[in-house]
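Next comes coords-v6.tsv, with TSV, C-alpha atoms.
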chain	number	residue	atom	x	y	z
V	1	MET	CA	127.70	111.52	-46.12
V	2	ALA	CA	126.07	108.19	-46.93
V	3	ASP	CA	122.99	108.07	-49.09
V	4	THR	CA	119.95	107.53	-46.95
V	5	LYS	CA	116.54	106.08	-47.59
V	6	SER	CA	113.41	108.15	-48.00
V	7	ILE	CA	109.78	107.20	-47.58
V	8	SER	CA	106.75	108.74	-49.29
V	9	PRO	CA	103.71	110.09	-47.50
V	10	ALA	CA	101.81	107.01	-48.69
V	11	GLU	CA	104.39	104.71	-47.09
V	12	LEU	CA	104.33	106.74	-43.88
V	13	LYS	CA	100.54	106.43	-43.72
V	14	ARG	CA	100.76	102.68	-44.28
V	15	ARG	CA	103.19	102.39	-41.38
V	16	LEU	CA	100.95	104.54	-39.18
V	17	ASP	CA	97.99	102.31	-40.00
V	18	ASP	CA	100.05	99.19	-39.25
V	19	LYS	CA	101.34	100.80	-36.03
V	20	LYS	CA	104.92	100.37	-37.23
V	21	VAL	CA	106.32	103.86	-36.72
V	22	GLU	CA	109.02	103.29	-34.11
V	23	PHE	CA	110.46	106.78	-33.59
V	24	LEU	CA	109.95	110.15	-35.26
V	25	PHE	CA	112.30	113.13	-35.15
V	26	ASP	CA	110.72	116.48	-36.11
V	27	LEU	CA	113.11	119.37	-36.81
V	28	ARG	CA	110.57	122.20	-37.05
V	29	ASN	CA	110.34	124.99	-34.50
V	30	GLU	CA	108.64	124.09	-31.24
V	31	ASP	CA	105.56	126.24	-31.88
V	32	GLU	CA	105.03	124.64	-35.31
V	33	TYR	CA	105.41	121.17	-33.83
V	34	LYS	CA	102.93	121.85	-31.03
V	35	ALA	CA	100.38	123.29	-33.45
V	36	TRP	CA	100.54	120.42	-35.92
V	37	ARG	CA	102.41	117.15	-35.95
V	38	ILE	CA	102.20	113.68	-37.41
V	39	GLU	CA	99.92	111.44	-35.37
V	40	GLY	CA	99.10	107.76	-35.67
V	41	ARG	CA	96.37	105.34	-34.72
V	42	GLU	CA	98.27	104.94	-31.50
V	43	ASP	CA	100.97	107.04	-29.83
V	44	PHE	CA	104.61	106.46	-30.72
V	45	PRO	CA	107.91	107.94	-29.43
V	46	ALA	CA	108.63	111.35	-30.97
V	47	LEU	CA	111.31	113.98	-30.46
V	48	ASN	CA	111.22	117.66	-31.42
V	49	ILE	CA	114.47	119.64	-31.63
V	50	SER	CA	114.49	122.59	-34.00
V	51	GLN	CA	116.90	122.60	-36.90
V	52	ILE	CA	118.58	125.71	-35.50
V	53	ASP	CA	119.27	124.00	-32.18
V	54	PHE	CA	120.30	120.67	-33.72
V	55	VAL	CA	122.57	121.46	-36.67
V	56	GLY	CA	126.14	122.00	-35.51
V	57	GLU	CA	125.29	120.65	-32.04
V	58	GLU	CA	124.43	117.10	-33.10
V	59	ASP	CA	126.74	115.29	-30.72
V	60	ARG	CA	125.05	116.98	-27.78
V	61	HIS	CA	121.76	115.29	-28.68
V	62	MET	CA	122.81	111.80	-29.76
V	63	ASP	CA	121.74	110.15	-26.52
V	64	HIS	CA	118.11	111.05	-27.39
V	65	PHE	CA	118.09	108.65	-30.34
V	66	PRO	CA	117.49	104.88	-30.12
V	67	LYS	CA	119.98	102.56	-31.78
V	68	ASP	CA	117.50	99.70	-32.03
V	69	LYS	CA	114.63	101.54	-33.78
V	70	GLU	CA	114.06	103.09	-37.17
V	71	ILE	CA	114.09	106.89	-36.95
V	72	ILE	CA	111.88	108.84	-39.37
V	73	THR	CA	113.13	112.40	-39.82
V	74	VAL	CA	110.69	115.20	-40.68
V	75	CYS	CA	110.95	118.93	-41.35
V	76	ALA	CA	108.87	121.54	-43.17
V	77	HIS	CA	110.03	120.86	-46.74
V	78	GLY	CA	112.20	117.72	-46.55
V	79	ASP	CA	115.67	119.24	-46.96
V	80	SER	CA	116.85	119.57	-43.35
V	81	SER	CA	115.40	116.20	-42.48
V	82	ARG	CA	117.20	114.55	-45.41
V	83	TYR	CA	120.50	115.99	-44.21
V	84	THR	CA	119.72	114.84	-40.67
V	85	ALA	CA	118.82	111.31	-41.80
V	86	GLU	CA	122.16	111.10	-43.62
V	87	LEU	CA	123.99	112.35	-40.53
V	88	LEU	CA	122.27	109.82	-38.27
V	89	THR	CA	122.99	107.05	-40.77
V	90	ASP	CA	126.70	107.99	-40.76
V	91	LYS	CA	126.68	107.69	-36.98
V	92	GLY	CA	125.28	104.16	-37.13
V	93	TYR	CA	121.57	104.85	-36.66
V	94	ASN	CA	118.79	103.47	-38.86
V	95	ALA	CA	117.26	106.67	-40.23
V	96	VAL	CA	114.87	107.45	-43.10
V	97	ASN	CA	113.59	110.79	-44.37
V	98	LEU	CA	109.99	111.78	-45.15
V	99	GLU	CA	110.08	112.98	-48.76
V	100	GLY	CA	108.92	116.59	-49.08
V	101	GLY	CA	108.44	116.98	-45.33
V	102	MET	CA	105.23	118.36	-43.90
V	103	ASP	CA	104.51	120.05	-47.25
V	104	SER	CA	104.05	116.70	-48.95
V	105	TRP	CA	102.31	115.18	-45.93
V	106	SER	CA	99.79	118.06	-46.01
V	107	GLU	CA	98.84	117.25	-49.59
V	108	TYR	CA	98.54	113.47	-49.24
V	109	TYR	CA	95.07	112.04	-49.94
V	110	GLU	CA	93.50	108.60	-49.61
V	111	ILE	CA	90.36	107.30	-51.31
V	112	HIS	CA	88.16	104.72	-49.59
V	113	LYS	CA	84.87	103.18	-50.61
V	114	VAL	CA	82.17	103.71	-48.00
V	115	THR	CA	79.49	101.50	-49.49
V	116	ASP	CA	78.54	99.83	-52.78
V	117	SER	CA	74.87	100.69	-52.73
V	118	PRO	CA	74.63	103.61	-53.01
V	119	LEU	CA	78.18	103.97	-54.32
V	120	ILE	CA	79.93	106.41	-51.96
V	121	TYR	CA	83.62	107.26	-51.80
V	122	GLN	CA	85.44	109.22	-49.13
V	123	ILE	CA	88.48	111.22	-50.27
V	124	TYR	CA	90.48	111.88	-47.11
V	125	ARG	CA	93.17	114.56	-46.76
V	126	THR	CA	95.12	112.73	-44.10
V	127	ALA	CA	97.13	115.48	-42.44
V	128	ARG	CA	94.27	117.98	-42.28
V	129	GLY	CA	91.40	115.60	-41.56
V	130	CYS	CA	89.33	117.10	-44.38
V	131	MET	CA	86.99	114.80	-46.29
V	132	THR	CA	85.34	115.09	-49.67
V	133	HIS	CA	82.53	112.68	-50.48
V	134	VAL	CA	81.71	111.53	-53.98
V	135	VAL	CA	78.44	109.73	-54.68
V	136	VAL	CA	78.36	107.95	-58.06
V	137	SER	CA	75.20	106.78	-59.79
V	138	GLY	CA	74.22	106.31	-63.42
V	139	GLY	CA	77.41	107.96	-64.62
V	140	ASP	CA	76.80	111.05	-62.45
V	141	ALA	CA	79.18	112.12	-59.70
V	142	PHE	CA	77.78	114.23	-56.87
V	143	VAL	CA	80.61	115.92	-54.90
V	144	ILE	CA	80.21	117.18	-51.32
V	145	ASP	CA	82.71	119.56	-49.69
V	146	ALA	CA	85.50	119.47	-52.26
V	147	ASN	CA	89.01	120.05	-50.98
V	148	ARG	CA	91.13	122.59	-52.85
V	149	HIS	CA	93.36	120.04	-54.62
V	150	ILE	CA	90.62	119.43	-57.16
V	151	GLU	CA	92.91	117.58	-59.58
V	152	LYS	CA	92.75	114.60	-57.23
V	153	ILE	CA	88.94	114.60	-57.35
V	154	ILE	CA	88.88	114.98	-61.13
V	155	ALA	CA	91.41	112.17	-61.63
V	156	PHE	CA	89.29	109.90	-59.45
V	157	THR	CA	85.97	110.63	-61.16
V	158	ASP	CA	87.60	110.32	-64.60
V	159	SER	CA	89.00	106.91	-63.65
V	160	SER	CA	85.56	105.78	-62.49
V	161	GLY	CA	83.93	106.93	-65.73
V	162	ALA	CA	81.65	109.38	-63.95
V	163	LYS	CA	80.88	112.98	-64.87
V	164	ILE	CA	80.70	115.56	-62.10
V	165	THR	CA	77.25	117.12	-62.40
V	166	ARG	CA	76.77	118.78	-58.99
V	167	VAL	CA	79.13	120.18	-56.38
V	168	ILE	CA	77.92	121.22	-52.94
V	169	ASP	CA	79.59	123.03	-50.06
V	170	THR	CA	77.63	122.20	-46.93
V	171	HIS	CA	78.80	125.46	-45.33
V	172	LEU	CA	81.28	128.32	-45.46
V	173	HIS	CA	84.50	126.55	-44.56
V	174	ALA	CA	86.91	128.26	-42.20
V	175	ASP	CA	89.63	125.65	-41.70
V	176	HIS	CA	90.63	125.11	-45.34
V	177	ILE	CA	90.34	126.62	-48.79
V	178	SER	CA	87.34	125.09	-50.56
V	179	GLY	CA	87.77	123.66	-54.03
V	180	GLY	CA	84.02	123.66	-54.66
V	181	ARG	CA	83.73	126.64	-57.00
V	182	ASP	CA	86.83	125.75	-59.01
V	183	LEU	CA	85.75	122.14	-59.34
V	184	ALA	CA	82.25	123.07	-60.49
V	185	ARG	CA	83.61	125.56	-63.01
V	186	LYS	CA	86.14	123.11	-64.45
V	187	ALA	CA	83.61	120.27	-64.61
V	188	GLY	CA	80.78	122.43	-65.96
V	189	ALA	CA	78.68	121.41	-62.97
V	190	GLY	CA	76.24	123.31	-60.77
V	191	PHE	CA	77.67	124.67	-57.53
V	192	PHE	CA	75.31	124.77	-54.54
V	193	MET	CA	75.58	126.59	-51.22
V	194	ASN	CA	73.16	127.89	-48.61
V	195	PRO	CA	72.74	131.66	-49.25
V	196	ILE	CA	72.91	132.37	-45.51
V	197	ASP	CA	76.55	131.29	-45.44
V	198	ALA	CA	77.28	132.77	-48.86
V	199	GLU	CA	76.17	136.28	-47.95
V	200	GLY	CA	78.56	138.76	-49.52
V	201	ALA	CA	80.06	136.21	-51.91
V	202	THR	CA	81.52	137.59	-55.11
V	203	PHE	CA	80.44	134.61	-57.22
V	204	SER	CA	77.14	133.18	-58.42
V	205	PHE	CA	75.82	129.86	-57.15
V	206	GLU	CA	72.69	127.77	-56.93
V	207	HIS	CA	70.82	128.12	-53.65
V	208	LEU	CA	70.81	125.15	-51.30
V	209	ARG	CA	67.72	125.52	-49.13
V	210	ASP	CA	66.10	123.60	-46.30
V	211	GLY	CA	63.71	120.94	-47.57
V	212	MET	CA	64.83	120.95	-51.19
V	213	GLU	CA	65.36	117.66	-52.97
V	214	ILE	CA	68.15	117.04	-55.46
V	215	LYS	CA	68.18	114.02	-57.75
V	216	ALA	CA	71.47	112.70	-59.10
V	217	GLY	CA	71.52	109.48	-61.10
V	218	GLY	CA	69.32	107.11	-59.14
V	219	ASN	CA	69.88	108.88	-55.83
V	220	ARG	CA	67.84	111.44	-53.91
V	221	PHE	CA	69.38	114.01	-51.61
V	222	PHE	CA	67.21	115.83	-49.11
V	223	ALA	CA	68.59	119.09	-47.70
V	224	ILE	CA	68.24	119.71	-43.95
V	225	HIS	CA	69.30	123.10	-42.60
V	226	THR	CA	71.37	122.22	-39.50
V	227	PRO	CA	72.81	125.50	-38.18
V	228	GLY	CA	75.20	125.81	-35.27
V	229	HIS	CA	78.71	125.46	-36.63
V	230	THR	CA	77.68	128.18	-39.08
V	231	PRO	CA	74.25	129.78	-39.50
V	232	GLY	CA	73.76	128.33	-42.97
V	233	ILE	CA	75.28	124.87	-42.70
V	234	THR	CA	73.07	122.36	-44.49
V	235	SER	CA	73.25	118.57	-44.18
V	236	LEU	CA	72.26	116.19	-46.95
V	237	LEU	CA	70.26	113.03	-46.34
V	238	LEU	CA	70.92	110.47	-49.07
V	239	ASN	CA	68.12	107.98	-49.77
V	240	GLY	CA	66.91	108.31	-46.18
V	241	ARG	CA	69.98	106.43	-44.93
V	242	TYR	CA	73.23	108.44	-45.11
V	243	LEU	CA	73.59	111.91	-43.61
V	244	PHE	CA	76.40	114.16	-44.85
V	245	THR	CA	76.70	116.60	-41.96
V	246	GLY	CA	79.61	118.82	-43.00
V	247	ASP	CA	80.90	120.01	-39.62
V	248	THR	CA	77.61	119.90	-37.74
V	249	ILE	CA	78.37	116.46	-36.32
V	250	MET	CA	81.85	114.92	-36.37
V	251	LYS	CA	83.04	111.66	-34.92
V	252	THR	CA	84.77	113.27	-31.94
V	253	ASP	CA	82.01	115.78	-31.18
V	254	MET	CA	80.04	118.66	-32.73
V	255	GLY	CA	81.42	121.46	-34.86
V	256	ARG	CA	82.37	124.48	-32.74
V	257	PRO	CA	79.89	127.39	-32.99
V	258	ASP	CA	82.24	130.31	-32.31
V	259	LEU	CA	84.07	130.84	-35.61
V	260	GLY	CA	81.80	133.74	-36.56
V	261	GLY	CA	82.25	135.58	-33.28
V	262	LYS	CA	78.69	134.81	-32.15
V	263	ALA	CA	79.25	131.79	-29.94
V	264	GLU	CA	76.18	132.14	-27.73
V	265	GLU	CA	73.78	132.77	-30.60
V	266	TRP	CA	75.15	129.95	-32.73
V	267	ALA	CA	75.27	127.55	-29.75
V	268	GLY	CA	71.52	128.11	-29.43
V	269	MET	CA	71.17	127.22	-33.12
V	270	LEU	CA	73.12	124.02	-32.52
V	271	TYR	CA	70.80	123.10	-29.65
V	272	ASP	CA	67.82	123.54	-31.95
V	273	THR	CA	69.50	121.41	-34.62
V	274	LEU	CA	70.29	118.49	-32.34
V	275	PHE	CA	67.07	118.42	-30.35
V	276	ARG	CA	64.54	119.57	-32.95
V	277	LYS	CA	65.85	119.48	-36.52
V	278	LEU	CA	67.27	115.95	-36.25
V	279	LYS	CA	64.83	114.66	-33.66
V	280	ASN	CA	62.84	112.46	-36.04
V	281	LEU	CA	65.84	110.80	-37.68
V	282	GLY	CA	66.49	107.26	-36.45
V	283	ASP	CA	69.52	106.06	-34.54
V	284	ASP	CA	70.53	103.89	-37.48
V	285	ILE	CA	71.21	106.87	-39.77
V	286	ILE	CA	74.87	106.71	-40.88
V	287	ILE	CA	76.70	110.02	-40.55
V	288	LEU	CA	79.51	110.92	-42.94
V	289	PRO	CA	81.20	114.11	-41.67
V	290	SER	CA	83.47	116.39	-43.66
V	291	HIS	CA	86.18	116.58	-41.02
V	292	ALA	CA	88.04	114.30	-38.63
V	293	ASP	CA	90.19	115.18	-35.65
V	294	SER	CA	92.81	112.49	-36.39
V	295	ILE	CA	93.36	109.23	-38.26
V	296	LYS	CA	92.33	107.44	-35.08
V	297	GLU	CA	88.76	108.03	-36.28
V	298	GLN	CA	89.26	105.85	-39.37
V	299	ASP	CA	87.89	102.32	-39.17
V	300	ASP	CA	89.74	99.24	-40.48
V	301	ASN	CA	88.68	100.17	-44.02
V	302	GLY	CA	89.96	103.73	-43.68
V	303	VAL	CA	86.46	105.25	-43.49
V	304	VAL	CA	85.34	107.88	-40.98
V	305	SER	CA	81.67	107.38	-40.08
V	306	LEU	CA	79.33	106.86	-37.15
V	307	THR	CA	75.63	106.42	-36.50
V	308	LEU	CA	73.27	109.03	-35.13
V	309	GLY	CA	72.61	106.67	-32.24
V	310	GLU	CA	76.31	106.62	-31.35
V	311	VAL	CA	76.30	110.41	-31.28
V	312	ARG	CA	73.24	110.55	-29.07
V	313	ARG	CA	74.69	108.05	-26.62
V	314	GLY	CA	78.28	109.31	-26.65
V	315	SER	CA	78.16	113.09	-26.81
V	316	LYS	CA	78.03	115.08	-23.59
V	317	LEU	CA	75.89	117.67	-25.39
V	318	PHE	CA	73.02	115.22	-25.84
V	319	SER	CA	72.82	114.80	-22.06
V	320	LEU	CA	72.24	118.54	-21.63
V	321	THR	CA	68.57	118.72	-22.51
V	322	GLU	CA	68.05	122.17	-20.99
V	323	GLU	CA	69.01	124.79	-23.57
V	324	ARG	CA	70.74	127.14	-21.11
V	325	ASP	CA	72.87	124.30	-19.67
V	326	PHE	CA	73.75	123.28	-23.22
V	327	ILE	CA	74.85	126.79	-24.22
V	328	MET	CA	76.83	127.42	-21.03
V	329	TYR	CA	78.70	124.13	-21.40
V	330	ILE	CA	79.76	125.14	-24.91
V	331	LEU	CA	80.80	128.64	-23.90
V	332	GLU	CA	82.98	127.21	-21.13
V	333	SER	CA	84.54	124.60	-23.42
V	334	LEU	CA	85.75	126.53	-26.45
V	335	PRO	CA	89.44	126.62	-27.37
V	336	LYS	CA	91.13	129.68	-28.82
V	337	ASN	CA	89.79	130.86	-32.18
V	338	PRO	CA	92.49	130.31	-34.83
V	339	GLY	CA	93.49	133.61	-36.41
V	340	SER	CA	93.83	132.28	-39.95
V	341	TYR	CA	90.24	131.02	-40.09
V	342	GLU	CA	88.73	134.44	-40.78
V	343	GLU	CA	91.06	134.89	-43.75
V	344	MET	CA	90.11	131.50	-45.15
V	345	GLN	CA	86.43	132.38	-44.85
V	346	LYS	CA	87.10	135.51	-46.92
V	347	ALA	CA	88.91	133.44	-49.52
V	348	ASN	CA	85.99	131.02	-49.69
V	349	LEU	CA	83.63	133.95	-50.33
V	350	GLY	CA	85.87	135.24	-53.12
V	351	LEU	CA	86.67	138.42	-51.19
V	352	ILE	CA	90.41	137.75	-51.38
V	353	SER	CA	92.41	135.64	-53.83
V	354	PRO	CA	95.45	134.16	-52.10
V	355	ASP	CA	98.13	132.59	-54.29
V	356	GLU	CA	99.26	129.00	-53.82
V	357	ALA	CA	101.97	129.91	-51.32
V	358	LYS	CA	99.49	131.87	-49.21
V	359	LYS	CA	96.95	129.03	-49.36
V	360	LYS	CA	99.56	126.65	-47.99
V	361	GLU	CA	100.41	129.11	-45.24
V	362	LEU	CA	96.77	129.57	-44.23
V	363	GLU	CA	96.17	125.83	-44.04
V	364	ILE	CA	99.18	125.04	-41.87
V	365	GLY	CA	98.18	123.51	-38.57
V	366	LYS	CA	95.80	121.01	-37.07
V	367	ASN	CA	92.12	121.13	-37.95
V	368	LEU	CA	90.40	122.95	-35.07
V	369	CYS	CA	86.75	122.90	-36.15
V	370	VAL	CA	85.62	120.34	-33.60
V	371	MET	CA	84.26	121.25	-30.16
V	372	LYS	CA	87.04	120.62	-27.64
V	373	LYS	CA	87.88	121.79	-24.19
V	374	PRO	CA	91.07	123.91	-24.13
V	375	GLU	CA	93.00	121.27	-22.18
V	376	ASP	CA	92.27	118.70	-24.92
V	377	VAL	CA	93.70	120.79	-27.76
Would you mind writing the file out in structure tokens?
Amino acid sequence: MADTKSISPAELKRRLDDKKVEFLFDLRNEDEYKAWRIEGREDFPALNISQIDFVGEEDRHMDHFPKDKEIITVCAHGDSSRYTAELLTDKGYNAVNLEGGMDSWSEYYEIHKVTDSPLIYQIYRTARGCMTHVVVSGGDAFVIDANRHIEKIIAFTDSSGAKITRVIDTHLHADHISGGRDLARKAGAGFFMNPIDAEGATFSFEHLRDGMEIKAGGNRFFAIHTPGHTPGITSLLLNGRYLFTGDTIMKTDMGRPDLGGKAEEWAGMLYDTLFRKLKNLGDDIIILPSHADSIKEQDDNGVVSLTLGEVRRGSKLFSLTEERDFIMYILESLPKNPGSYEEMQKANLGLISPDEAKKKELEIGKNLCVMKKPEDV
């Protein structure tokens, strides 16, 4: 077979941003593809035929492939897709392989500057939509919601000449393995979490409580308990201007309140958060969430953000001013609870210690923390 070209996750992301992905062929099983696939800023032609159905039966499927477009082949680990790209190339198609497959795509991160003053960076795990924020001031780095690949955070702060002094998890994460504790331990920094969410944790931590103020460099963070997605989730207001909401408010909608099995009770907490806790914050407050539903939420600079005013005007929930209507709408709109989320919560409390292979397995799939009607998932 002819040697074929490969592209890195970084190159794939650049093409997605430039809207230059012409055709994608995914060889994973149908259920894996439906649960989690590569998406762009706009839709592009994609084909899913499992490796088992394709290999050995290639000629049966050739009419599915365009001769006039570049075909990017993808599989779980990059081996089957490399073989397939070579096969397509031999048959006269223009095919390239995604190096490392969905494994490498899952671990690809971008770093974007949010603002110069205060100096805020957003570290974005592209495939999972998970975001870590780093606020740098006076040589101090304040880290919010660290992803588990902490070496990427450490490399970034080292390159910027900043020392990590505080690490905060806004809540007990259910959709990914937190890197907060490991990062704080390695950096010799304090690790903060609301004790409501950390109940039963096997590790020690500093308590993050409603109304407390934390100074870091020249910045001031004010903690606001904003329950709903979890009972202990706590947002951080930076210098009265930037609100790090964790999963309380995301760009698509609010964080779903059912991951603890108490949807009605937690939906009532979310109502209180939106209509009472955040009532006195102005529409110009800039929200920096910890999760995104897709890369479509990134702006031209790669940043995911929105204003509180945009949320109030755009979210259906803000039109439901009666608490019972609000709760019933949520209860009727919740998608299926992902089974792996409970296990990840246990890992984030230190109750279980999955190895690297198990961590990868638990994190497979699309981020499902946002409120969405079942038909939209």
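Counting from CA of His171 in chain V, the distance to CA of Pro227 in chain V is 9.3 Å.
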- Query: Contacts of Ala46 in chain V at 12 Å or less, counting all atoms listed in the file, minus same-chain residues fewer than 2 places along, as a ChimeraX atom specification?
  - Reply: /V:21-27,33-34,37-40,43-44,48-49,64-66,69-74
Find the nearest atom pair between each residue of range 136-249 of chain V and range 352-358 of chain V for residues within 12 Å, count all atoms listed in the file, give distances in Å to one decimal, sort rows by chain and ascending number, and present the table as CSV.
residue,atom,partner,partner_atom,distance
V:Arg148,CA,V:Glu356,CA,10.4
V:His149,CA,V:Glu356,CA,10.8
V:His176,CA,V:Lys358,CA,11.8
V:Ile177,CA,V:Pro354,CA,9.7
V:Ala201,CA,V:Ile352,CA,10.5
V:Thr202,CA,V:Ile352,CA,9.6
V:Phe203,CA,V:Ile352,CA,12.0
Under the rule of at most 9 Å, produce a per-residue listing of range 174-285 of chain V near range 296-312 of chain V: chain, number, name, the closest pair of atoms, and the distance in Å, as a tab-separated table, using only C-alpha atoms.
residue	atom	partner	partner_atom	distance
V:Leu243	CA	V:Leu308	CA	9.0
V:Ile249	CA	V:Val311	CA	8.1
V:Met250	CA	V:Ser305	CA	8.4
V:Lys251	CA	V:Leu306	CA	6.5
V:Thr252	CA	V:Glu297	CA	7.9
V:Asp253	CA	V:Val311	CA	7.8
V:Leu281	CA	V:Leu308	CA	8.1
V:Gly282	CA	V:Leu308	CA	7.1
V:Asp283	CA	V:Gly309	CA	3.9
V:Asp284	CA	V:Thr307	CA	5.8
V:Ile285	CA	V:Thr307	CA	5.5
Residues from last step as file, C-alpha atoms, as a short mmCIF file (atom, residue, chain, number, x, y, z; two decimals), keeping the file's coordinate frame:
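The resulting file, result.cif, is shown below:
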data_model
loop_
_atom_site.label_atom_id
_atom_site.label_comp_id
_atom_site.auth_asym_id
_atom_site.auth_seq_id
_atom_site.Cartn_x
_atom_site.Cartn_y
_atom_site.Cartn_z
CA LEU V 243 73.59 111.91 -43.61
CA ILE V 249 78.37 116.46 -36.32
CA MET V 250 81.85 114.92 -36.37
CA LYS V 251 83.04 111.66 -34.92
CA THR V 252 84.77 113.27 -31.94
CA ASP V 253 82.01 115.78 -31.18
CA LEU V 281 65.84 110.80 -37.68
CA GLY V 282 66.49 107.26 -36.45
CA ASP V 283 69.52 106.06 -34.54
CA ASP V 284 70.53 103.89 -37.48
CA ILE V 285 71.21 106.87 -39.77
#
Hey, what's within 10 Å of Trp36 in chain V if we count all atoms listed in the file and toss same-chain stuff fewer than 5 positions away? As an NGL selection string, please? :V and (31 or 102 or 127-128 or 364-367)
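Going from CA of Arg166 in chain V over to CA of Glu110 in chain V, you cover 21.7 Å.
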Would you list the residues near (76.4, 120.9, -53.7) (no more than 9 Å away, in the coordinates of the file, using all atoms listed in the file) as a PDB file with C-alpha atoms, in the coordinates of the input?
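Once written, point.pdb looks like this:
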ATOM      1  CA  PHE V 142      77.780 114.230 -56.870  1.00  0.00           C
ATOM      2  CA  VAL V 143      80.610 115.920 -54.900  1.00  0.00           C
ATOM      3  CA  ILE V 144      80.210 117.180 -51.320  1.00  0.00           C
ATOM      4  CA  ASP V 145      82.710 119.560 -49.690  1.00  0.00           C
ATOM      5  CA  ARG V 166      76.770 118.780 -58.990  1.00  0.00           C
ATOM      6  CA  VAL V 167      79.130 120.180 -56.380  1.00  0.00           C
ATOM      7  CA  ILE V 168      77.920 121.220 -52.940  1.00  0.00           C
ATOM      8  CA  ASP V 169      79.590 123.030 -50.060  1.00  0.00           C
ATOM      9  CA  THR V 170      77.630 122.200 -46.930  1.00  0.00           C
ATOM     10  CA  GLY V 180      84.020 123.660 -54.660  1.00  0.00           C
ATOM     11  CA  GLY V 190      76.240 123.310 -60.770  1.00  0.00           C
ATOM     12  CA  PHE V 191      77.670 124.670 -57.530  1.00  0.00           C
ATOM     13  CA  PHE V 192      75.310 124.770 -54.540  1.00  0.00           C
ATOM     14  CA  MET V 193      75.580 126.590 -51.220  1.00  0.00           C
ATOM     15  CA  GLU V 206      72.690 127.770 -56.930  1.00  0.00           C
ATOM     16  CA  LEU V 208      70.810 125.150 -51.300  1.00  0.00           C
TER      17      LEU V 208
END
Notebook entry, point to check: For Glu32 in chain V, which of V:Glu361, V:Lys346, V:Asp63, V:Thr245 is the closest residue, counting all atoms listed in the file?
Noted result: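 Between V:Glu361, V:Lys346, V:Asp63, V:Thr245, the residue approaching Glu32 in chain V most closely is V:Glu361.
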**Prompt:** Could you pull the residues within 8 Å of range 103-106 of chain V, counting all atoms listed in the file, minus those fewer than 5 positions along the same chain, as a ChimeraX atom specification?
**Reply:** /V:9,76-77,125-128
Would you mind writing range 101-112 of chain V with N, CA and C atoms, as an mmCIF file, in the frame of the given file?
data_model
loop_
_atom_site.group_PDB
_atom_site.id
_atom_site.type_symbol
_atom_site.label_atom_id
_atom_site.label_comp_id
_atom_site.auth_asym_id
_atom_site.auth_seq_id
_atom_site.Cartn_x
_atom_site.Cartn_y
_atom_site.Cartn_z
ATOM 1 N N GLY V 101 108.786 116.481 -46.657
ATOM 2 C CA GLY V 101 108.440 116.980 -45.330
ATOM 3 C C GLY V 101 106.950 117.174 -45.109
ATOM 4 N N MET V 102 106.621 118.116 -44.247
ATOM 5 C CA MET V 102 105.230 118.360 -43.900
ATOM 6 C C MET V 102 104.459 118.950 -45.089
ATOM 7 N N ASP V 103 105.179 119.577 -46.039
ATOM 8 C CA ASP V 103 104.510 120.050 -47.250
ATOM 9 C C ASP V 103 103.850 118.899 -47.988
ATOM 10 N N SER V 104 104.604 117.834 -48.206
ATOM 11 C CA SER V 104 104.050 116.700 -48.950
ATOM 12 C C SER V 104 103.030 115.926 -48.109
ATOM 13 N N TRP V 105 103.263 115.860 -46.804
ATOM 14 C CA TRP V 105 102.310 115.180 -45.930
ATOM 15 C C TRP V 105 100.971 115.922 -45.940
ATOM 16 N N SER V 106 101.011 117.251 -45.997
ATOM 17 C CA SER V 106 99.790 118.060 -46.010
ATOM 18 C C SER V 106 98.942 117.805 -47.245
ATOM 19 N N GLU V 107 99.571 117.403 -48.340
ATOM 20 C CA GLU V 107 98.840 117.250 -49.590
ATOM 21 C C GLU V 107 98.603 115.780 -49.962
ATOM 22 N N TYR V 108 98.774 114.902 -48.993
ATOM 23 C CA TYR V 108 98.540 113.470 -49.240
ATOM 24 C C TYR V 108 97.066 113.138 -49.031
ATOM 25 N N TYR V 109 96.477 112.434 -49.987
ATOM 26 C CA TYR V 109 95.070 112.040 -49.940
ATOM 27 C C TYR V 109 94.933 110.522 -50.072
ATOM 28 N N GLU V 110 93.892 109.997 -49.444
ATOM 29 C CA GLU V 110 93.500 108.600 -49.610
ATOM 30 C C GLU V 110 92.071 108.562 -50.143
ATOM 31 N N ILE V 111 91.733 107.481 -50.842
ATOM 32 C CA ILE V 111 90.360 107.300 -51.310
ATOM 33 C C ILE V 111 89.873 105.939 -50.814
ATOM 34 N N HIS V 112 88.732 105.951 -50.127
ATOM 35 C CA HIS V 112 88.160 104.720 -49.590
ATOM 36 C C HIS V 112 86.688 104.614 -49.975
#
